[in-house]
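This is model-v6.cif (mmCIF, C-alpha atoms, pLDDT in the B column; chains and numbers go by the auth columns).
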```cif
data_my_file
loop_
_atom_site.group_PDB
_atom_site.id
_atom_site.type_symbol
_atom_site.label_atom_id
_atom_site.label_comp_id
_atom_site.label_asym_id
_atom_site.label_seq_id
_atom_site.Cartn_x
_atom_site.Cartn_y
_atom_site.Cartn_z
_atom_site.B_iso_or_equiv
_atom_site.auth_seq_id
_atom_site.auth_asym_id
ATOM 1 C CA MET A 1 -44.740 11.701 -9.970 46.00 276 T
ATOM 2 C CA ARG A 2 -47.085 9.027 -11.265 50.00 277 T
ATOM 3 C CA LYS A 3 -46.327 5.472 -10.323 52.00 278 T
ATOM 4 C CA MET A 4 -45.316 2.971 -12.968 57.00 279 T
ATOM 5 C CA GLN A 5 -46.072 -0.685 -12.639 83.00 280 T
ATOM 6 C CA SER A 6 -42.537 -2.045 -12.597 93.00 281 T
ATOM 7 C CA VAL A 7 -38.906 -1.029 -12.574 96.00 282 T
ATOM 8 C CA LEU A 8 -35.862 -3.245 -12.900 98.00 283 T
ATOM 9 C CA TYR A 9 -32.667 -1.843 -11.333 98.00 284 T
ATOM 10 C CA PHE A 10 -29.168 -3.228 -11.921 97.00 285 T
ATOM 11 C CA HIS A 11 -26.402 -2.087 -9.577 96.00 286 T
ATOM 12 C CA GLY A 12 -22.776 -1.703 -10.628 93.00 287 T
ATOM 13 C CA LEU A 13 -20.063 -4.355 -10.577 92.00 288 T
ATOM 14 C CA GLU A 14 -18.560 -3.416 -7.209 85.00 289 T
ATOM 15 C CA SER A 15 -21.853 -2.269 -5.654 88.00 290 T
ATOM 16 C CA GLN A 16 -24.160 -4.136 -3.323 84.00 291 T
ATOM 17 C CA PRO A 17 -27.915 -4.595 -3.826 83.00 292 T
ATOM 18 C CA GLY A 18 -30.383 -2.575 -1.794 87.00 293 T
ATOM 19 C CA GLY A 19 -29.610 0.727 -0.156 94.00 294 T
ATOM 20 C CA LEU A 20 -31.202 4.163 -0.317 96.00 295 T
ATOM 21 C CA LYS A 21 -31.668 4.164 -4.108 96.00 296 T
ATOM 22 C CA VAL A 22 -33.689 0.963 -3.972 97.00 297 T
ATOM 23 C CA GLU A 23 -35.657 2.299 -0.983 96.00 298 T
ATOM 24 C CA TYR A 24 -36.525 5.383 -3.043 95.00 299 T
ATOM 25 C CA LEU A 25 -37.623 3.224 -5.978 95.00 300 T
ATOM 26 C CA ASN A 26 -39.769 1.053 -3.701 94.00 301 T
ATOM 27 C CA GLN A 27 -41.496 4.152 -2.311 92.00 302 T
ATOM 28 C CA ASN A 28 -42.285 5.537 -5.763 91.00 303 T
ATOM 29 C CA PHE A 29 -43.044 2.563 -7.999 92.00 304 T
ATOM 30 C CA ASP A 30 -45.578 -0.240 -7.781 92.00 305 T
ATOM 31 C CA PHE A 31 -43.016 -3.024 -8.238 95.00 306 T
ATOM 32 C CA VAL A 32 -39.229 -2.907 -8.068 96.00 307 T
ATOM 33 C CA ASP A 33 -36.867 -5.748 -8.822 97.00 308 T
ATOM 34 C CA ALA A 34 -33.338 -4.865 -7.704 97.00 309 T
ATOM 35 C CA PRO A 35 -31.474 -8.175 -7.651 97.00 310 T
ATOM 36 C CA ALA A 36 -28.013 -8.943 -6.366 95.00 311 T
ATOM 37 C CA MET A 37 -26.023 -9.295 -9.571 96.00 312 T
ATOM 38 C CA ASP A 38 -23.055 -11.589 -10.098 95.00 313 T
ATOM 39 C CA TYR A 39 -22.045 -10.432 -13.565 95.00 314 T
ATOM 40 C CA ARG A 40 -19.674 -13.414 -13.915 93.00 315 T
ATOM 41 C CA LYS A 41 -22.445 -15.998 -13.448 94.00 316 T
ATOM 42 C CA LYS A 42 -22.968 -18.473 -16.282 94.00 317 T
ATOM 43 C CA ASP A 43 -26.149 -17.863 -18.316 95.00 318 T
ATOM 44 C CA LEU A 44 -26.789 -14.537 -16.546 96.00 319 T
ATOM 45 C CA PHE A 45 -27.639 -12.647 -19.726 96.00 320 T
ATOM 46 C CA LYS A 46 -29.812 -15.434 -21.140 96.00 321 T
ATOM 47 C CA ASP A 47 -31.723 -15.725 -17.847 97.00 322 T
ATOM 48 C CA TRP A 48 -32.336 -11.974 -17.513 97.00 323 T
ATOM 49 C CA LEU A 49 -33.306 -11.604 -21.150 98.00 324 T
ATOM 50 C CA GLU A 50 -35.936 -14.317 -20.663 97.00 325 T
ATOM 51 C CA TYR A 51 -37.127 -12.582 -17.460 97.00 326 T
ATOM 52 C CA VAL A 52 -37.385 -9.166 -19.135 97.00 327 T
ATOM 53 C CA LYS A 53 -39.237 -10.564 -22.152 97.00 328 T
ATOM 54 C CA THR A 54 -41.701 -12.332 -19.831 96.00 329 T
ATOM 55 C CA GLU A 55 -42.203 -9.680 -17.137 95.00 330 T
ATOM 56 C CA LYS A 56 -41.916 -6.620 -19.423 96.00 331 T
ATOM 57 C CA PRO A 57 -40.877 -3.991 -16.857 96.00 332 T
ATOM 58 C CA ASP A 58 -41.817 -0.424 -17.720 94.00 333 T
ATOM 59 C CA LEU A 59 -38.279 0.862 -17.175 96.00 334 T
ATOM 60 C CA ILE A 60 -34.807 -0.610 -16.714 97.00 335 T
ATOM 61 C CA ILE A 61 -32.346 1.430 -14.662 98.00 336 T
ATOM 62 C CA GLY A 62 -28.665 0.580 -14.462 98.00 337 T
ATOM 63 C CA SER A 63 -25.426 2.003 -13.165 97.00 338 T
ATOM 64 C CA SER A 64 -21.971 1.265 -14.603 97.00 339 T
ATOM 65 C CA MET A 65 -21.869 -2.501 -15.394 96.00 340 T
ATOM 66 C CA GLY A 66 -25.595 -2.534 -14.595 97.00 341 T
ATOM 67 C CA GLY A 67 -26.055 0.293 -17.100 97.00 342 T
ATOM 68 C CA TYR A 68 -24.278 -1.720 -19.788 97.00 343 T
ATOM 69 C CA PHE A 69 -26.423 -4.754 -18.927 96.00 344 T
ATOM 70 C CA ALA A 70 -29.622 -2.656 -19.050 98.00 345 T
ATOM 71 C CA TYR A 71 -28.557 -1.132 -22.395 98.00 346 T
ATOM 72 C CA VAL A 72 -28.072 -4.537 -23.989 97.00 347 T
ATOM 73 C CA LEU A 73 -31.350 -5.893 -22.586 98.00 348 T
ATOM 74 C CA ALA A 74 -33.135 -2.829 -24.008 98.00 349 T
ATOM 75 C CA SER A 75 -31.589 -3.538 -27.402 98.00 350 T
ATOM 76 C CA HIS A 76 -33.463 -6.859 -27.373 97.00 351 T
ATOM 77 C CA THR A 77 -36.773 -5.636 -25.953 97.00 352 T
ATOM 78 C CA GLY A 78 -37.262 -1.944 -26.700 96.00 353 T
ATOM 79 C CA ILE A 79 -37.959 -1.251 -23.007 96.00 354 T
ATOM 80 C CA PRO A 80 -36.888 2.296 -22.043 96.00 355 T
ATOM 81 C CA VAL A 81 -33.769 2.756 -19.936 97.00 356 T
ATOM 82 C CA LEU A 82 -32.210 5.220 -17.521 97.00 357 T
ATOM 83 C CA LEU A 83 -28.464 4.612 -17.503 98.00 358 T
ATOM 84 C CA PHE A 84 -25.883 6.124 -15.158 98.00 359 T
ATOM 85 C CA ASN A 85 -22.269 6.013 -16.408 98.00 360 T
ATOM 86 C CA PRO A 86 -22.920 2.793 -18.354 98.00 361 T
ATOM 87 C CA ALA A 87 -19.859 0.596 -18.880 97.00 362 T
ATOM 88 C CA LEU A 88 -20.297 0.413 -22.647 96.00 363 T
ATOM 89 C CA HIS A 89 -16.496 0.381 -22.860 95.00 364 T
ATOM 90 C CA ASN A 90 -13.578 -0.073 -20.452 89.00 365 T
ATOM 91 C CA ARG A 91 -15.128 -3.042 -18.620 90.00 366 T
ATOM 92 C CA SER A 92 -12.756 -5.209 -16.569 87.00 367 T
ATOM 93 C CA PHE A 93 -14.391 -8.257 -18.235 87.00 368 T
ATOM 94 C CA ASP A 94 -17.232 -9.047 -20.617 86.00 369 T
ATOM 95 C CA VAL A 95 -20.423 -10.672 -19.398 88.00 370 T
ATOM 96 C CA GLU A 96 -20.802 -14.100 -20.992 89.00 371 T
ATOM 97 C CA ASP A 97 -22.893 -14.346 -24.198 90.00 372 T
ATOM 98 C CA VAL A 98 -24.000 -10.696 -24.201 91.00 373 T
ATOM 99 C CA HIS A 99 -24.865 -9.421 -27.669 92.00 374 T
ATOM 100 C CA LEU A 100 -26.874 -6.520 -29.035 95.00 375 T
ATOM 101 C CA GLY A 101 -30.404 -7.005 -30.287 96.00 376 T
ATOM 102 C CA LYS A 102 -32.322 -5.336 -33.118 97.00 377 T
ATOM 103 C CA PHE A 103 -33.681 -2.314 -31.202 96.00 378 T
ATOM 104 C CA LYS A 104 -31.892 0.989 -30.669 95.00 379 T
ATOM 105 C CA PRO A 105 -32.331 1.569 -26.927 96.00 380 T
ATOM 106 C CA LYS A 106 -34.364 4.618 -25.978 96.00 381 T
ATOM 107 C CA GLY A 107 -34.367 6.636 -22.804 96.00 382 T
ATOM 108 C CA LYS A 108 -31.665 8.630 -21.072 97.00 383 T
ATOM 109 C CA VAL A 109 -27.982 8.365 -20.205 98.00 384 T
ATOM 110 C CA VAL A 110 -26.505 10.394 -17.357 98.00 385 T
ATOM 111 C CA LEU A 111 -22.736 10.861 -17.471 98.00 386 T
ATOM 112 C CA GLY A 112 -20.489 12.250 -14.781 98.00 387 T
ATOM 113 C CA LYS A 113 -17.940 14.556 -16.392 97.00 388 T
ATOM 114 C CA LYS A 114 -15.497 13.693 -13.591 97.00 389 T
ATOM 115 C CA ASP A 115 -15.910 9.917 -13.967 97.00 390 T
ATOM 116 C CA ASN A 116 -12.375 8.493 -13.959 95.00 391 T
ATOM 117 C CA ILE A 117 -13.503 4.862 -14.402 95.00 392 T
ATOM 118 C CA ILE A 118 -15.757 5.044 -17.495 96.00 393 T
ATOM 119 C CA ASP A 119 -14.572 7.949 -19.676 97.00 394 T
ATOM 120 C CA PRO A 120 -17.721 9.992 -20.403 98.00 395 T
ATOM 121 C CA SER A 121 -16.328 11.435 -23.648 97.00 396 T
ATOM 122 C CA ILE A 122 -15.932 7.925 -25.114 97.00 397 T
ATOM 123 C CA THR A 123 -19.437 6.947 -23.980 98.00 398 T
ATOM 124 C CA LYS A 124 -20.872 10.130 -25.485 97.00 399 T
ATOM 125 C CA ALA A 125 -19.098 9.477 -28.797 97.00 400 T
ATOM 126 C CA MET A 126 -20.339 5.871 -28.852 96.00 401 T
ATOM 127 C CA LEU A 127 -23.931 7.051 -28.361 96.00 402 T
ATOM 128 C CA LYS A 128 -23.925 10.066 -30.707 93.00 403 T
ATOM 129 C CA ASP A 129 -26.253 8.375 -33.220 92.00 404 T
ATOM 130 C CA SER A 130 -28.444 6.665 -30.631 94.00 405 T
ATOM 131 C CA ASN A 131 -32.055 7.242 -29.580 94.00 406 T
ATOM 132 C CA LEU A 132 -30.844 8.131 -26.090 97.00 407 T
ATOM 133 C CA GLU A 133 -30.928 11.568 -24.519 96.00 408 T
ATOM 134 C CA ILE A 134 -27.500 12.280 -23.023 97.00 409 T
ATOM 135 C CA GLU A 135 -26.997 14.501 -19.999 97.00 410 T
ATOM 136 C CA GLU A 136 -23.594 15.365 -18.608 97.00 411 T
ATOM 137 C CA ILE A 137 -23.286 16.459 -14.994 97.00 412 T
ATOM 138 C CA GLU A 138 -20.250 18.631 -14.368 96.00 413 T
ATOM 139 C CA GLU A 139 -19.394 17.655 -10.787 95.00 414 T
ATOM 140 C CA MET A 140 -20.484 13.994 -10.873 97.00 415 T
ATOM 141 C CA GLU A 141 -17.907 11.218 -10.654 97.00 416 T
ATOM 142 C CA HIS A 142 -18.476 7.478 -11.194 96.00 417 T
ATOM 143 C CA ARG A 143 -20.619 6.894 -8.114 95.00 418 T
ATOM 144 C CA ILE A 144 -24.094 8.380 -8.363 96.00 419 T
ATOM 145 C CA PRO A 145 -25.125 10.591 -5.444 97.00 420 T
ATOM 146 C CA LEU A 146 -28.624 9.859 -4.152 97.00 421 T
ATOM 147 C CA ASP A 147 -29.882 13.386 -4.899 97.00 422 T
ATOM 148 C CA ILE A 148 -28.822 13.112 -8.563 97.00 423 T
ATOM 149 C CA PHE A 149 -30.389 9.639 -8.827 97.00 424 T
ATOM 150 C CA ILE A 150 -33.688 10.957 -7.437 96.00 425 T
ATOM 151 C CA ASN A 151 -33.641 14.113 -9.582 95.00 426 T
ATOM 152 C CA GLU A 152 -33.040 12.129 -12.772 95.00 427 T
ATOM 153 C CA ILE A 153 -35.947 9.816 -12.041 93.00 428 T
ATOM 154 C CA LYS A 154 -38.225 12.752 -11.223 90.00 429 T
ATOM 155 C CA ASN A 155 -37.132 14.554 -14.406 86.00 430 T
ATOM 156 C CA LEU A 156 -37.752 11.462 -16.485 80.00 431 T
ATOM 157 C CA PHE A 157 -41.372 11.319 -15.340 69.00 432 T
ATOM 158 C CA VAL A 158 -42.035 15.053 -15.574 56.00 433 T
ATOM 159 C CA LEU A 159 -41.120 14.819 -19.259 48.00 434 T
ATOM 160 C CA GLN A 160 -43.511 11.953 -19.973 46.00 435 T
#
```
What do you get writing this file as structure tokens?
Amino acid sequence: MRKMQSVLYFHGLESQPGGLKVEYLNQNFDFVDAPAMDYRKKDLFKDWLEYVKTEKPDLIIGSSMGGYFAYVLASHTGIPVLLFNPALHNRSFDVEDVHLGKFKPKGKVVLGKKDNIIDPSITKAMLKDSNLEIEEIEEMEHRIPLDIFINEIKNLFVLQ
């Protein structure tokens, strides 16, 4: 896999920053920003939108609430995304001041067919006219196993 300059990774609502996924990213990309996210923080979206427009990461990765956040940021910037079970619907709350931009996000969405938190059939229907490739994984639930996370990143770069 070739290294990219920078990757931005947003964890899910109930998840903690760091861990094996971030370690993998750090080993395979030149620069990784994987911040601790408090999705209820005032001005969070405005601050990250400014950051993304300034820093221009090569890829934004997000899982669940982080996937929703990455999707919306991509709609403002056109930066490619890799989204795992994005919370495009069925969120327990809405992040303050989040709104879609003018771009149709591009990249890939990975859905667990056994996700009982974010219904993959609703997500798939919402994205049917999008620029996103959609992959459904039969045995995957809401949490993303490390091997699937790694395989999806490797597949993304094999295709480029």
Applying 12 Å and only C-alpha atoms, which residues near region 286-300 of chain T remain after dropping the ones on its own chain fewer than 5 positions away? List them as a PDB file with C-alpha atoms, in the coordinates of the input.
```
ATOM      1  CA  MET T 276     -44.740  11.701  -9.970  1.00 46.00           C
ATOM      2  CA  LYS T 278     -46.327   5.472 -10.323  1.00 52.00           C
ATOM      3  CA  MET T 279     -45.316   2.971 -12.968  1.00 57.00           C
ATOM      4  CA  GLN T 280     -46.072  -0.685 -12.639  1.00 83.00           C
ATOM      5  CA  SER T 281     -42.537  -2.045 -12.597  1.00 93.00           C
ATOM      6  CA  ASP T 305     -45.578  -0.240  -7.781  1.00 92.00           C
ATOM      7  CA  PHE T 306     -43.016  -3.024  -8.238  1.00 95.00           C
ATOM      8  CA  VAL T 307     -39.229  -2.907  -8.068  1.00 96.00           C
ATOM      9  CA  ASP T 308     -36.867  -5.748  -8.822  1.00 97.00           C
ATOM     10  CA  ALA T 309     -33.338  -4.865  -7.704  1.00 97.00           C
ATOM     11  CA  PRO T 310     -31.474  -8.175  -7.651  1.00 97.00           C
ATOM     12  CA  ALA T 311     -28.013  -8.943  -6.366  1.00 95.00           C
ATOM     13  CA  MET T 312     -26.023  -9.295  -9.571  1.00 96.00           C
ATOM     14  CA  ASP T 313     -23.055 -11.589 -10.098  1.00 95.00           C
ATOM     15  CA  TYR T 314     -22.045 -10.432 -13.565  1.00 95.00           C
ATOM     16  CA  ARG T 315     -19.674 -13.414 -13.915  1.00 93.00           C
ATOM     17  CA  LEU T 334     -38.279   0.862 -17.175  1.00 96.00           C
ATOM     18  CA  ILE T 335     -34.807  -0.610 -16.714  1.00 97.00           C
ATOM     19  CA  ILE T 336     -32.346   1.430 -14.662  1.00 98.00           C
ATOM     20  CA  GLY T 337     -28.665   0.580 -14.462  1.00 98.00           C
ATOM     21  CA  SER T 338     -25.426   2.003 -13.165  1.00 97.00           C
ATOM     22  CA  SER T 339     -21.971   1.265 -14.603  1.00 97.00           C
ATOM     23  CA  MET T 340     -21.869  -2.501 -15.394  1.00 96.00           C
ATOM     24  CA  GLY T 341     -25.595  -2.534 -14.595  1.00 97.00           C
ATOM     25  CA  GLY T 342     -26.055   0.293 -17.100  1.00 97.00           C
ATOM     26  CA  TYR T 343     -24.278  -1.720 -19.788  1.00 97.00           C
ATOM     27  CA  PHE T 344     -26.423  -4.754 -18.927  1.00 96.00           C
ATOM     28  CA  ALA T 345     -29.622  -2.656 -19.050  1.00 98.00           C
ATOM     29  CA  LEU T 358     -28.464   4.612 -17.503  1.00 98.00           C
ATOM     30  CA  PHE T 359     -25.883   6.124 -15.158  1.00 98.00           C
ATOM     31  CA  ASN T 360     -22.269   6.013 -16.408  1.00 98.00           C
ATOM     32  CA  PRO T 361     -22.920   2.793 -18.354  1.00 98.00           C
ATOM     33  CA  ALA T 362     -19.859   0.596 -18.880  1.00 97.00           C
ATOM     34  CA  ARG T 366     -15.128  -3.042 -18.620  1.00 90.00           C
ATOM     35  CA  SER T 367     -12.756  -5.209 -16.569  1.00 87.00           C
ATOM     36  CA  PHE T 368     -14.391  -8.257 -18.235  1.00 87.00           C
ATOM     37  CA  ASP T 369     -17.232  -9.047 -20.617  1.00 86.00           C
ATOM     38  CA  VAL T 370     -20.423 -10.672 -19.398  1.00 88.00           C
ATOM     39  CA  ILE T 392     -13.503   4.862 -14.402  1.00 95.00           C
ATOM     40  CA  ILE T 393     -15.757   5.044 -17.495  1.00 96.00           C
ATOM     41  CA  HIS T 417     -18.476   7.478 -11.194  1.00 96.00           C
ATOM     42  CA  ARG T 418     -20.619   6.894  -8.114  1.00 95.00           C
ATOM     43  CA  ILE T 419     -24.094   8.380  -8.363  1.00 96.00           C
ATOM     44  CA  PRO T 420     -25.125  10.591  -5.444  1.00 97.00           C
ATOM     45  CA  LEU T 421     -28.624   9.859  -4.152  1.00 97.00           C
ATOM     46  CA  ASP T 422     -29.882  13.386  -4.899  1.00 97.00           C
ATOM     47  CA  ILE T 423     -28.822  13.112  -8.563  1.00 97.00           C
ATOM     48  CA  PHE T 424     -30.389   9.639  -8.827  1.00 97.00           C
ATOM     49  CA  ILE T 425     -33.688  10.957  -7.437  1.00 96.00           C
ATOM     50  CA  ASN T 426     -33.641  14.113  -9.582  1.00 95.00           C
ATOM     51  CA  GLU T 427     -33.040  12.129 -12.772  1.00 95.00           C
ATOM     52  CA  ILE T 428     -35.947   9.816 -12.041  1.00 93.00           C
ATOM     53  CA  LYS T 429     -38.225  12.752 -11.223  1.00 90.00           C
TER      54      LYS T 429
END
```
remark   = Nearest to Glu410 (chain T), restricted to only C-alpha atoms and choosing among T:Ile397, T:Lys383, T:Asn430, T:Leu357, comes out as T:Lys383
message = Quick one: residues within 7 Å of region 317-325 of chain T, all atoms listed in the file, excluding same-chain residues fewer than 3 positions away - as an MDAnalysis selection string?
response = chainID T and resid 314 328:329 348 371:373
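Note that CA of Gly376 (chain T) and CA of Val356 (chain T) are 14.6 Å apart.
Selection by the PyMOL selection byres ((chain T and resi 388) around 9) on the present file picks out Leu386, Gly387, Lys389, Asp390, Asn391, Asp394, Pro395, Ser396, Glu411, Ile412, Glu413, Glu414, Met415, Glu416 and His417 of chain T.
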Write to file, as a PDB file, in the coordinates of the input, the residues of the selection just made, with C-alpha atoms.
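That gives us part-v9.pdb:
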```
ATOM      1  CA  LEU T 386     -22.736  10.861 -17.471  1.00 98.00           C
ATOM      2  CA  GLY T 387     -20.489  12.250 -14.781  1.00 98.00           C
ATOM      3  CA  LYS T 389     -15.497  13.693 -13.591  1.00 97.00           C
ATOM      4  CA  ASP T 390     -15.910   9.917 -13.967  1.00 97.00           C
ATOM      5  CA  ASN T 391     -12.375   8.493 -13.959  1.00 95.00           C
ATOM      6  CA  ASP T 394     -14.572   7.949 -19.676  1.00 97.00           C
ATOM      7  CA  PRO T 395     -17.721   9.992 -20.403  1.00 98.00           C
ATOM      8  CA  SER T 396     -16.328  11.435 -23.648  1.00 97.00           C
ATOM      9  CA  GLU T 411     -23.594  15.365 -18.608  1.00 97.00           C
ATOM     10  CA  ILE T 412     -23.286  16.459 -14.994  1.00 97.00           C
ATOM     11  CA  GLU T 413     -20.250  18.631 -14.368  1.00 96.00           C
ATOM     12  CA  GLU T 414     -19.394  17.655 -10.787  1.00 95.00           C
ATOM     13  CA  MET T 415     -20.484  13.994 -10.873  1.00 97.00           C
ATOM     14  CA  GLU T 416     -17.907  11.218 -10.654  1.00 97.00           C
ATOM     15  CA  HIS T 417     -18.476   7.478 -11.194  1.00 96.00           C
TER      16      HIS T 417
END
```
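Interatomic distance, CA of Leu407 (chain T) to CA of Ser350 (chain T): 11.8 Å.
We find CA of Tyr326 (chain T) and CA of Phe378 (chain T) to be spaced 17.5 Å apart.
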request  = Starting from the shown file, work through the PyMOL selection byres ((chain T and resi 406) around 12) and note down what comes out as a VMD selection string.
outcome  = chain T and resid 346 349 to 350 353 355 to 356 378 to 384 401 to 405 407 to 409
Assuming 6 Å of padding per side, give the centre and edge lengths of the axis-aligned box around every listed atom of region 414-423 of chain T, in Å to one decimal and as lines of an AutoDock Vina configuration file.
```
center_x = -23.9
center_y = 12.3
center_z = -7.7
size_x = 24.0
size_y = 22.8
size_z = 19.0
```
